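Pasting run-v6.txt here (compact mmCIF, C-alpha atoms and all ligand atoms):
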```
# COMPACT_ATOMS: atom_id res chain seq x y z
CA MET A 1 77.32 20.53 22.03
CA ASN A 2 80.08 22.24 23.94
CA LEU A 3 82.39 19.23 23.90
CA THR A 4 85.85 19.01 25.44
CA ALA A 5 88.90 18.89 23.18
CA ALA A 6 89.97 15.28 23.73
CA PHE A 7 86.49 13.78 23.73
CA ASP A 8 86.21 11.57 20.65
CA GLY A 9 82.62 10.44 20.82
CA LEU A 10 80.77 7.34 21.90
CA GLU A 11 81.53 3.69 21.27
CA CYS A 12 79.05 0.85 21.61
CA VAL A 13 80.11 -1.65 24.24
CA ASP A 14 78.09 -4.37 22.53
CA CYS A 15 78.71 -3.99 18.77
CA GLY A 16 81.67 -1.58 18.57
CA ALA A 17 79.81 1.04 16.51
CA THR A 18 81.04 4.60 16.94
CA VAL A 19 78.47 7.31 17.47
CA ASP A 20 78.69 11.07 17.17
CA ALA A 21 77.96 12.34 20.68
CA ALA A 22 76.19 15.39 19.29
CA GLU A 23 73.73 13.14 17.47
CA SER A 24 72.66 10.55 20.00
CA HIS A 25 73.40 8.88 23.29
CA GLN A 26 72.20 5.41 22.33
CA CYS A 27 73.54 2.94 19.77
CA PRO A 28 71.54 3.29 16.51
CA ALA A 29 72.87 -0.07 15.28
CA CYS A 30 72.01 -2.40 18.15
CA GLY A 31 70.51 -0.32 20.93
CA GLY A 32 73.43 -1.31 23.16
CA ALA A 33 75.14 0.78 25.80
CA LEU A 34 77.61 3.42 24.75
CA ASP A 35 80.80 4.55 26.40
CA PRO A 36 82.53 7.92 25.96
CA THR A 37 86.00 7.68 24.39
CA TYR A 38 88.89 10.15 24.49
CA GLU A 39 92.12 10.82 22.72
CA TYR A 40 94.35 10.48 25.76
CA ASP A 41 97.47 11.66 23.93
CA ALA A 42 95.80 15.03 23.56
CA ILE A 43 95.22 15.41 27.32
CA ASP A 44 97.90 17.37 29.13
CA LEU A 45 97.29 16.62 32.78
CA ASP A 46 99.85 15.97 35.48
CA ARG A 47 99.83 15.75 39.27
CA GLU A 48 101.01 19.33 39.75
CA ARG A 49 98.40 20.78 37.46
CA LEU A 50 95.67 18.94 39.32
CA ALA A 51 97.08 19.97 42.71
CA SER A 52 96.98 23.63 41.65
CA ARG A 53 93.20 23.53 41.17
CA PRO A 54 90.68 24.06 43.97
CA PHE A 55 89.15 20.81 45.23
CA ASP A 56 85.68 22.12 44.50
CA SER A 57 83.67 19.66 42.37
CA GLN A 58 83.96 16.76 39.95
CA TRP A 59 84.23 19.29 37.12
CA ARG A 60 87.85 20.03 38.09
CA TYR A 61 88.65 16.97 35.91
CA ALA A 62 87.03 18.60 32.86
CA GLU A 63 89.66 17.33 30.39
CA LEU A 64 88.46 13.79 31.13
CA LEU A 65 84.76 14.60 30.82
CA PRO A 66 82.71 14.98 27.63
CA VAL A 67 81.27 18.45 28.16
CA ALA A 68 83.11 21.65 29.03
CA ARG A 69 82.85 22.94 32.58
CA GLU A 70 81.17 26.21 31.62
CA SER A 71 78.22 24.22 30.26
CA ALA A 72 77.88 21.97 33.30
CA VAL A 73 74.65 21.61 35.22
CA THR A 74 76.31 21.46 38.62
CA THR A 75 75.72 22.13 42.29
CA ALA A 76 79.34 21.35 43.22
CA GLU A 77 78.86 17.60 43.47
CA GLY A 78 81.90 15.47 44.20
CA ALA A 79 84.98 16.71 46.07
CA THR A 80 83.78 14.64 49.01
CA PRO A 81 86.01 13.87 52.00
CA LEU A 82 88.02 10.69 52.48
CA VAL A 83 87.99 10.00 56.21
CA ASP A 84 90.62 7.92 58.01
CA CYS A 85 89.09 5.31 60.34
CA PRO A 86 91.94 3.80 62.42
CA ASP A 87 89.56 1.89 64.73
CA LEU A 88 88.09 0.08 61.74
CA ALA A 89 91.58 -0.68 60.45
CA ASP A 90 92.39 -2.34 63.80
CA GLU A 91 89.18 -4.35 63.69
CA LEU A 92 89.79 -5.46 60.12
CA GLY A 93 93.48 -6.15 60.72
CA VAL A 94 94.69 -3.99 57.84
CA GLY A 95 96.97 -0.96 57.57
CA ARG A 96 94.34 1.69 56.88
CA VAL A 97 90.61 1.92 56.36
CA LEU A 98 89.20 5.06 54.80
CA ILE A 99 85.60 5.93 54.10
CA LYS A 100 84.86 7.97 50.99
CA ASP A 101 81.82 9.86 52.21
CA GLU A 102 79.49 10.42 49.29
CA GLY A 103 76.73 11.33 51.72
CA ARG A 104 78.17 14.88 51.56
CA ASN A 105 76.95 15.37 48.00
CA PRO A 106 74.23 17.97 47.27
CA THR A 107 71.32 15.52 47.44
CA GLY A 108 73.15 13.20 49.81
CA SER A 109 74.32 10.46 47.49
CA VAL A 110 76.93 9.43 44.96
CA THR A 111 74.30 9.49 42.21
CA ASP A 112 74.70 13.28 42.05
CA ARG A 113 77.91 12.79 40.06
CA GLY A 114 76.22 10.89 37.24
CA ALA A 115 73.06 12.98 37.39
CA SER A 116 75.07 16.18 36.93
CA MET A 117 76.83 14.69 33.91
CA ALA A 118 73.75 13.10 32.32
CA VAL A 119 71.49 16.13 32.80
CA THR A 120 74.24 18.29 31.34
CA ALA A 121 74.25 16.05 28.26
CA ALA A 122 70.44 16.07 28.09
CA LEU A 123 70.41 19.88 28.11
CA GLU A 124 73.10 19.98 25.42
CA HIS A 125 70.96 17.63 23.32
CA GLY A 126 68.02 20.00 23.60
CA ALA A 127 65.92 17.66 25.74
CA THR A 128 62.88 19.04 27.53
CA ASP A 129 62.06 15.98 29.63
CA VAL A 130 64.27 13.44 31.34
CA ALA A 131 63.02 10.12 32.72
CA LEU A 132 64.36 7.21 34.70
CA PRO A 133 63.47 4.30 36.95
CA SER A 134 65.35 4.37 40.22
CA THR A 135 65.68 2.57 43.51
CA GLY A 136 65.45 6.03 45.06
CA ASN A 137 68.60 8.14 45.25
CA GLY A 138 69.05 8.36 41.49
CA GLY A 139 65.52 9.68 41.12
CA GLN A 140 66.07 12.33 43.76
CA ALA A 141 69.35 13.40 42.12
CA ALA A 142 67.84 13.51 38.62
CA ALA A 143 64.94 15.63 39.86
CA ALA A 144 67.37 18.07 41.49
CA TYR A 145 69.61 18.53 38.44
CA ALA A 146 66.63 18.66 36.07
CA ALA A 147 65.21 21.45 38.23
CA ARG A 148 68.46 23.37 37.96
CA ALA A 149 68.53 22.89 34.18
CA GLY A 150 64.86 23.83 33.75
CA LEU A 151 63.89 20.34 32.52
CA GLU A 152 60.95 18.21 33.54
CA ALA A 153 61.96 15.03 35.41
CA HIS A 154 59.84 11.87 35.35
CA ALA A 155 60.95 9.50 38.09
CA TYR A 156 59.66 5.96 38.60
CA LEU A 157 60.33 4.65 42.09
CA PRO A 158 59.10 1.43 43.66
CA SER A 159 56.73 1.95 46.57
CA ARG A 160 59.39 0.53 48.89
CA SER A 161 61.77 3.45 48.21
CA GLY A 162 62.61 5.65 51.16
CA PHE A 163 60.33 8.52 52.17
CA THR A 164 63.11 11.08 51.69
CA ASN A 165 63.67 10.09 48.06
CA LYS A 166 59.99 10.30 47.16
CA ALA A 167 59.43 13.52 49.05
CA MET A 168 62.42 15.26 47.49
CA VAL A 169 61.46 14.30 43.93
CA ASN A 170 58.25 16.21 44.64
CA VAL A 171 60.04 19.08 46.36
CA HIS A 172 62.27 19.55 43.29
CA GLY A 173 59.12 19.78 41.17
CA GLY A 174 59.59 16.40 39.50
CA ASP A 175 56.84 14.11 38.19
CA MET A 176 56.88 11.39 40.85
CA ASN A 177 55.53 8.00 39.85
CA VAL A 178 55.35 5.62 42.79
CA VAL A 179 54.98 2.11 41.38
CA GLY A 180 53.58 -0.68 43.52
CA GLY A 181 56.07 -3.49 44.03
CA ARG A 182 59.81 -3.50 43.58
CA PHE A 183 62.44 -2.02 41.28
CA ASP A 184 61.60 -4.25 38.31
CA ASP A 185 57.99 -3.06 38.46
CA ALA A 186 59.18 0.54 38.45
CA ALA A 187 61.46 -0.20 35.49
CA ALA A 188 58.56 -1.75 33.56
CA ALA A 189 56.36 1.29 34.23
CA PHE A 190 59.21 3.57 33.13
CA GLU A 191 59.55 1.64 29.85
CA GLU A 192 55.85 2.07 29.19
CA GLY A 193 56.12 5.78 29.86
CA LEU A 194 59.15 6.08 27.59
CA ALA A 195 57.35 4.25 24.78
CA GLU A 196 54.44 6.68 25.01
CA HIS A 197 56.57 9.82 24.92
CA ASP A 198 58.93 10.33 21.98
CA ASP A 199 60.43 13.40 23.59
CA TRP A 200 61.57 11.80 26.85
CA TYR A 201 65.32 11.49 27.26
CA SER A 202 66.32 8.39 29.24
CA LEU A 203 68.60 8.84 32.25
CA ARG A 204 68.47 5.18 33.19
CA SER A 205 71.88 3.76 34.18
CA PHE A 206 73.68 2.54 31.05
CA ASP A 207 70.84 3.76 28.76
CA THR A 208 72.80 6.97 29.03
CA PRO A 209 76.58 6.78 28.68
CA TYR A 210 76.95 9.65 31.11
CA ARG A 211 75.99 8.33 34.52
CA HIS A 212 78.94 5.97 34.86
CA GLU A 213 81.02 8.69 33.24
CA GLY A 214 80.18 10.93 36.19
CA ALA A 215 80.69 8.10 38.66
CA LYS A 216 84.31 7.67 37.54
CA THR A 217 85.38 10.98 39.08
CA LEU A 218 85.20 9.35 42.51
CA PHE A 219 88.36 7.42 41.73
CA TYR A 220 90.23 10.47 40.45
CA GLU A 221 89.57 12.10 43.82
CA LEU A 222 90.66 9.01 45.75
CA ALA A 223 94.01 8.92 43.96
CA GLU A 224 94.65 12.57 44.73
CA GLN A 225 93.44 12.35 48.33
CA LEU A 226 95.78 9.42 48.96
CA GLU A 227 98.62 11.45 47.44
CA TRP A 228 98.78 9.07 44.50
CA ALA A 229 99.08 5.92 46.58
CA VAL A 230 96.43 3.72 44.95
CA PRO A 231 94.36 1.85 47.57
CA ASP A 232 94.73 -1.92 47.58
CA ALA A 233 91.01 -2.57 47.72
CA ILE A 234 87.79 -0.61 47.21
CA CYS A 235 84.50 -2.01 48.55
CA TYR A 236 81.55 -0.56 46.66
CA PRO A 237 77.86 -1.25 47.39
CA THR A 238 76.56 -2.57 44.09
CA GLY A 239 73.10 -2.53 42.53
CA ALA A 240 73.15 -1.65 38.82
CA GLY A 241 76.95 -1.42 38.88
CA THR A 242 77.31 2.15 37.62
CA GLY A 243 79.87 2.91 40.32
CA LEU A 244 82.21 -0.03 39.72
CA VAL A 245 82.16 0.39 35.95
CA GLY A 246 83.00 4.07 36.41
CA LEU A 247 85.81 3.37 38.89
CA ALA A 248 87.42 0.81 36.60
CA LYS A 249 87.37 3.24 33.71
CA ALA A 250 88.96 5.95 35.84
CA THR A 251 91.80 3.64 36.89
CA ARG A 252 92.50 2.79 33.25
CA GLU A 253 92.51 6.47 32.35
CA PHE A 254 94.86 7.55 35.12
CA ARG A 255 97.23 4.74 34.14
CA GLU A 256 97.00 5.77 30.50
CA LEU A 257 97.94 9.32 31.49
CA GLY A 258 100.86 8.06 33.57
CA LEU A 259 99.39 9.42 36.81
CA ILE A 260 99.33 6.04 38.59
CA ASP A 261 100.89 2.61 38.07
CA GLU A 262 98.71 0.33 40.18
CA THR A 263 95.10 -0.80 39.94
CA PRO A 264 92.98 -1.28 43.06
CA ALA A 265 91.11 -4.55 43.54
CA LEU A 266 87.44 -3.71 43.07
CA TYR A 267 84.91 -5.49 45.27
CA ALA A 268 81.15 -5.48 44.73
CA ALA A 269 79.26 -5.58 48.01
CA GLN A 270 75.70 -6.87 47.87
CA ALA A 271 73.01 -8.10 50.24
CA SER A 272 72.34 -11.84 50.45
CA GLY A 273 68.70 -11.22 49.56
CA CYS A 274 69.66 -9.82 46.15
CA ALA A 275 73.15 -10.77 45.04
CA PRO A 276 73.13 -11.50 41.28
CA ILE A 277 76.73 -10.32 40.80
CA VAL A 278 78.05 -12.40 43.70
CA ASP A 279 76.16 -15.47 42.44
CA ALA A 280 77.45 -15.07 38.89
CA LEU A 281 81.04 -14.66 40.08
CA GLU A 282 80.84 -17.68 42.36
CA ASP A 283 79.35 -19.78 39.55
CA GLY A 284 81.99 -18.60 37.07
CA ARG A 285 79.43 -17.05 34.73
CA ASP A 286 79.99 -14.01 32.48
CA GLU A 287 76.52 -12.63 33.13
CA HIS A 288 74.04 -12.65 35.98
CA GLU A 289 70.84 -14.61 36.25
CA PRO A 290 67.93 -12.47 37.45
CA VAL A 291 66.97 -12.94 41.09
CA ASP A 292 63.38 -14.20 41.23
CA HIS A 293 62.46 -13.01 44.70
CA PRO A 294 64.74 -10.16 45.74
CA ASP A 295 64.38 -9.26 49.38
CA THR A 296 66.70 -6.96 51.25
CA ILE A 297 66.26 -3.99 53.52
CA CYS A 298 68.90 -2.22 51.40
CA GLY A 299 66.70 -0.59 48.79
CA GLU A 300 69.59 0.74 46.71
CA LEU A 301 70.92 -2.81 46.35
CA GLU A 302 67.64 -4.38 45.34
CA VAL A 303 68.34 -4.54 41.60
CA PRO A 304 67.54 -8.16 40.67
CA ASP A 305 68.30 -7.86 36.96
CA PRO A 306 71.34 -5.58 36.47
CA THR A 307 71.55 -5.20 32.69
CA ALA A 308 75.26 -4.33 32.67
CA SER A 309 76.32 -7.32 34.78
CA ALA A 310 78.77 -8.51 32.10
CA ARG A 311 80.70 -5.25 32.41
CA VAL A 312 80.60 -5.34 36.20
CA LEU A 313 81.88 -8.93 36.28
CA GLU A 314 84.58 -8.05 33.79
CA VAL A 315 85.97 -5.20 35.87
CA ILE A 316 85.93 -7.33 39.01
CA ARG A 317 87.92 -10.05 37.26
CA GLU A 318 90.25 -7.59 35.51
CA THR A 319 91.20 -5.93 38.77
CA ASP A 320 91.58 -9.18 40.68
CA GLY A 321 88.81 -8.07 42.99
CA GLY A 322 85.76 -9.98 44.13
CA ALA A 323 82.17 -9.85 45.24
CA VAL A 324 80.74 -10.44 48.66
CA ALA A 325 77.20 -10.71 50.02
CA THR A 326 76.19 -10.38 53.66
CA ASP A 327 72.87 -10.69 55.48
CA ASP A 328 70.64 -7.72 56.31
CA PRO A 329 71.18 -7.90 60.12
CA ASP A 330 74.97 -7.93 59.59
CA ILE A 331 74.71 -5.03 57.16
CA LEU A 332 72.74 -2.88 59.60
CA GLU A 333 75.00 -3.94 62.46
CA ALA A 334 78.02 -2.78 60.43
CA ALA A 335 76.40 0.57 59.64
CA VAL A 336 75.57 1.10 63.32
CA ARG A 337 79.06 0.05 64.41
CA VAL A 338 80.60 2.52 61.99
CA ALA A 339 78.30 5.25 63.34
CA GLN A 340 79.31 4.40 66.91
CA THR A 341 83.06 4.09 66.34
CA THR A 342 83.78 6.65 63.62
CA GLY A 343 80.92 9.14 63.86
CA LEU A 344 80.19 8.70 60.15
CA GLU A 345 76.67 7.99 58.93
CA LEU A 346 76.39 5.23 56.35
CA ILE A 347 73.27 4.67 54.32
CA PRO A 348 72.10 1.09 55.04
CA SER A 349 73.17 -0.07 51.55
CA ALA A 350 76.70 1.14 52.27
CA GLY A 351 76.59 -0.89 55.46
CA ALA A 352 76.90 -3.81 53.01
CA ALA A 353 80.30 -2.50 51.94
CA ALA A 354 81.41 -2.34 55.58
CA SER A 355 80.05 -5.78 56.51
CA GLY A 356 81.45 -7.06 53.21
CA ALA A 357 84.90 -5.78 54.18
CA TRP A 358 84.62 -7.60 57.53
CA GLU A 359 83.56 -10.76 55.73
CA LEU A 360 86.52 -10.48 53.34
CA ALA A 361 88.87 -10.01 56.30
CA GLU A 362 87.45 -13.11 57.96
CA ARG A 363 87.98 -15.08 54.76
CA GLY A 364 91.63 -14.02 54.77
CA ALA A 365 91.43 -11.72 51.74
CA PHE A 366 93.83 -9.23 53.36
CA ASP A 367 97.46 -9.68 54.45
CA GLY A 368 97.56 -6.99 57.10
CA ASP A 369 99.13 -3.91 55.57
CA GLU A 370 96.52 -2.98 52.98
CA THR A 371 94.76 0.30 52.48
CA VAL A 372 91.05 -0.44 52.12
CA VAL A 373 88.51 2.14 50.97
CA ILE A 374 84.83 1.72 51.82
CA VAL A 375 82.52 3.86 49.71
CA ASN A 376 79.60 5.33 51.61
CA THR A 377 77.22 5.85 48.71
CA GLY A 378 74.70 7.95 50.63
CA SER A 379 73.86 9.82 53.77
CA GLY A 380 72.59 7.79 56.71
CA ASN A 381 70.06 10.58 57.26
CA LYS A 382 68.09 9.37 54.28
CA GLU A 383 67.17 6.13 56.03
CA ALA A 384 67.64 6.88 59.70
CA ASP A 385 64.45 4.89 60.42
CA VAL A 386 65.97 1.74 58.93
CA LEU A 387 69.19 2.16 60.93
CA ARG A 388 67.28 2.81 64.13
CA SER A 389 65.05 -0.22 63.56
CA HIS A 390 68.16 -2.32 63.96
CA LEU A 391 68.71 -0.90 67.45
CA MET A 392 65.09 -1.71 68.32
CA SER A 393 65.61 -5.28 67.11
CA GLN A 394 68.56 -5.46 69.52
CA GLY A 395 66.36 -4.22 72.34
CA VAL A 396 68.03 -0.81 72.59
ZN ZN B 1 75.72 -1.22 19.22
```
How does the structure come out when it is put into structure tokens?
Ligand SMILES: [Zn+2]
Amino acid sequence: MNLTAAFDGLECVDCGATVDAAESHQCPACGGALDPTYEYDAIDLDRERLASRPFDSQWRYAELLPVARESAVTTAEGATPLVDCPDLADELGVGRVLIKDEGRNPTGSVTDRGASMAVTAALEHGATDVALPSTGNGGQAAAAYAARAGLEAHAYLPSRSGFTNKAMVNVHGGDMNVVGGRFDDAAAAFEEGLAEHDDWYSLRSFDTPYRHEGAKTLFYELAEQLEWAVPDAICYPTGAGTGLVGLAKATREFRELGLIDETPALYAAQASGCAPIVDALEDGRDEHEPVDHPDTICGELEVPDPTASARVLEVIRETDGGAVATDDPDILEAAVRVAQTTGLELIPSAGAAASGAWELAERGAFDGDETVVIVNTGSGNKEADVLRSHLMSQGV
């Protein structure tokens, strides 16, 4: 593998085993999730050096990624805009609200970051086939990057996934498996497929150590875009939790490198119809309990059994953040309000981060001078029908 200089290898989050990244991407001892580790003392990165580089893709942070940039499977993902929304700041009663618009990624969602990283690793490992279950966007992204790398992608999506996701898996030449039911049914079908094919390389969140490793670059960009003023709070729509785990790691790394001093409070935003992280936090538990009957219009948030919940809860507690769930009508209302006041197009699931921020403001979570970042995890275009259905329900 064409590894970067400071990349040490992989460490098991569950049992502490260390694994040679060239050998495997899963823990041979316990099957647990692995995390890439680095020798930070060997990384020579300062604010000036970063500022001198073009803001062109997530690979501009190559020293903090496992694989060298010249080996990357990339379509210039990342480097998304951070858009000031003063009207939202007034409504929320805080100093600034900014939306990190991940809808501008190549396939229209934040999952492109992790897909680029994980497909790069798969190619380096000599994989021929990659496979994953997905709520939708992750499958579309994996199919796109697999196509670029010349790999076969096997995506398992629940029948409720959006039309755009399913169509684009096909358009990228992927093997599209639409599974009747919801995400857990798709995950079960994926596991069967994986068991039957020794040569499939799993790209499922946290099966691979590289999806959250790609997700972390979002925070690096935020810090630079805010000219090194760390935001007070980040609201992130949360299903499996890849994004929050990645963000937390990035904040630790930038502190370790002396680039920032503060840590943002990380908030998981979920939908009331499927809020295992919110429930676990409110009950003071270290892990989630699976949601028996998940039901939300936000497909990307309908992950009733997030396997990495312990890590997600840990980062929320570590950063003094929180978790907030709002109802589907409020989520869609927030997405529409953002569209009508800022011009930005939130995917319905990211509407949960906006309505969650409003809910937090109402609960008195903010003092009045904070900088709050809302992450728009995907383009509103992907689910325009869902957004418009909210207008119809209002009689518009
Ligand atoms: Zn292990």
Can you pull out the residues contacting stretch 212-217 of chain A? Cut-off 7 Å, using all atoms listed in the file, and skip same-chain residues under 2 positions away; I want them as an NGL selection string. :A and (58 or 113-114 or 117 or 209-210 or 219-221 or 242-243 or 245-247 or 249-250)
Neighbourhood of ligand ZN 1 (chain B) at 7 Å, counting all atoms listed in the file, reported as a CSV table (one decimal) with C-alpha atoms, keeping the file's coordinate frame:
```
chain,number,residue,atom,x,y,z
A,12,CYS,CA,79.0,0.8,21.6
A,13,VAL,CA,80.1,-1.6,24.2
A,14,ASP,CA,78.1,-4.4,22.5
A,15,CYS,CA,78.7,-4.0,18.8
A,16,GLY,CA,81.7,-1.6,18.6
A,17,ALA,CA,79.8,1.0,16.5
A,27,CYS,CA,73.5,2.9,19.8
A,28,PRO,CA,71.5,3.3,16.5
A,29,ALA,CA,72.9,-0.1,15.3
A,30,CYS,CA,72.0,-2.4,18.2
A,31,GLY,CA,70.5,-0.3,20.9
A,32,GLY,CA,73.4,-1.3,23.2
A,33,ALA,CA,75.1,0.8,25.8
```
Closest to A:Arg160 among A:Glu124, A:Glu302, A:Asp35, A:Glu191, using all atoms listed in the file?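 Closest to A:Arg160 of all the choices is A:Glu302.
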Tell me, as a compact mmCIF listing (two decimals) with C-alpha atoms, in the frame of the given file, which residues lie within 10 Å of A:Arg337, counting all atoms listed in the file; anything in the same chain fewer than 6 positions away does not count.
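Output saved as around_13.txt:
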```
# COMPACT_ATOMS: atom_id res chain seq x y z
CA LEU A 88 88.09 0.08 61.74
CA ILE A 331 74.71 -5.03 57.16
CA GLY A 343 80.92 9.14 63.86
CA LEU A 344 80.19 8.70 60.15
CA GLU A 345 76.67 7.99 58.93
CA LEU A 346 76.39 5.23 56.35
CA GLY A 351 76.59 -0.89 55.46
CA ALA A 354 81.41 -2.34 55.58
CA SER A 355 80.05 -5.78 56.51
```
One decimal, Å: what's the distance from atom CA of A:Gly136 over to atom CA of A:Val83, could you say?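 Result for atom CA of A:Gly136 versus atom CA of A:Val83: 25.5 Å, one decimal.
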Near-A:Arg96 list (7 Å; all atoms listed in the file; drop same-chain fewer than 5 positions) as a ChimeraX atom specification: /A:86,89,370-372
Just how far from atom CA of A:Gly93 is atom CA of A:Leu360, in Å to one decimal?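 Atom CA of A:Gly93 lies 11.0 Å from atom CA of A:Leu360.
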Which residue gives the smallest distance to A:Phe183 among A:Val119, A:Gln270, A:Asp305, A:Leu244, with only C-alpha atoms counted? A:Asp305
Determine the nearest neighbour of A:Ser202 from the options A:Ser389, A:Asn2, A:Ser349, A:Ser134, counting all atoms listed in the file.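 Checking each candidate against A:Ser202, we get A:Ser134 as the closest.
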Measuring atom to atom with all atoms listed in the file, identify which of A:Val396, A:Ala186, A:Ala142, A:Ala195 is nearest to A:Thr120.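 Looking only at the distances to A:Thr120, the closest residue turns out to be A:Ala142.
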Counting only C-alpha atoms, what is within 7 Å of A:Leu203, bar same-chain residues fewer than 3 positions away, as a PyMOL selection string? chain A and resi 118+130-132+207-208
Judged by all atoms listed in the file, the minimum distance to A:Ala325 among A:Ala155, A:Leu82, A:Ala271, A:Ile297 is found for A:Ala271
Which residues, written as number ranges by chain, have at least one atom at most 9 Å from stretch 274-279 of chain A, with all atoms listed in the file counted and residues fewer than 3 positions away on the same chain left out? A: 238-239, 268-271, 282-285, 287-291, 293-296, 301-306, 309, 312-313, 322-325
Using only C-alpha atoms, find the one residue out of A:Leu266, A:Leu226, A:Val73, A:Val19 that sits nearest to A:Glu318. A:Leu266
If you measure from atom CA of A:Asn177 to atom CA of A:Ala121, what distance in Å do you get, rounded to one decimal?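 Distance between the two atoms: 23.4 Å.
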Find the axis-aligned box for stretch 269-286 of chain A, covering all its listed atoms and adding 8 Å on each side, and write its centre and edge lengths in Å to one decimal as AutoDock Vina command-line options.
```
--center_x 75.3 --center_y -12.7 --center_z 41.5 --size_x 29.3 --size_y 30.2 --size_z 34.0
```
Give as a count of residues only each residue that has an atom at most 6 Å from (70.1, 16.7, 46.2) in the file, counting only C-alpha atoms. 5
Please produce, as a Markdown table, a per-residue contact table for stretch 107-201 of chain A versus stretch 75-78 of chain A (criterion: any atom at most 8 Å away, all atoms listed in the file considered), showing the nearest atom pair and its distance in Å to one decimal, sorted by chain then residue number.
```
| residue | atom | partner | partner_atom | distance |
| --- | --- | --- | --- | --- |
| A:Val110 | CA | A:Gly78 | CA | 7.9 |
| A:Asp112 | CA | A:Glu77 | CA | 6.2 |
| A:Arg113 | CA | A:Glu77 | CA | 6.0 |
| A:Ser116 | CA | A:Glu77 | CA | 7.7 |
```
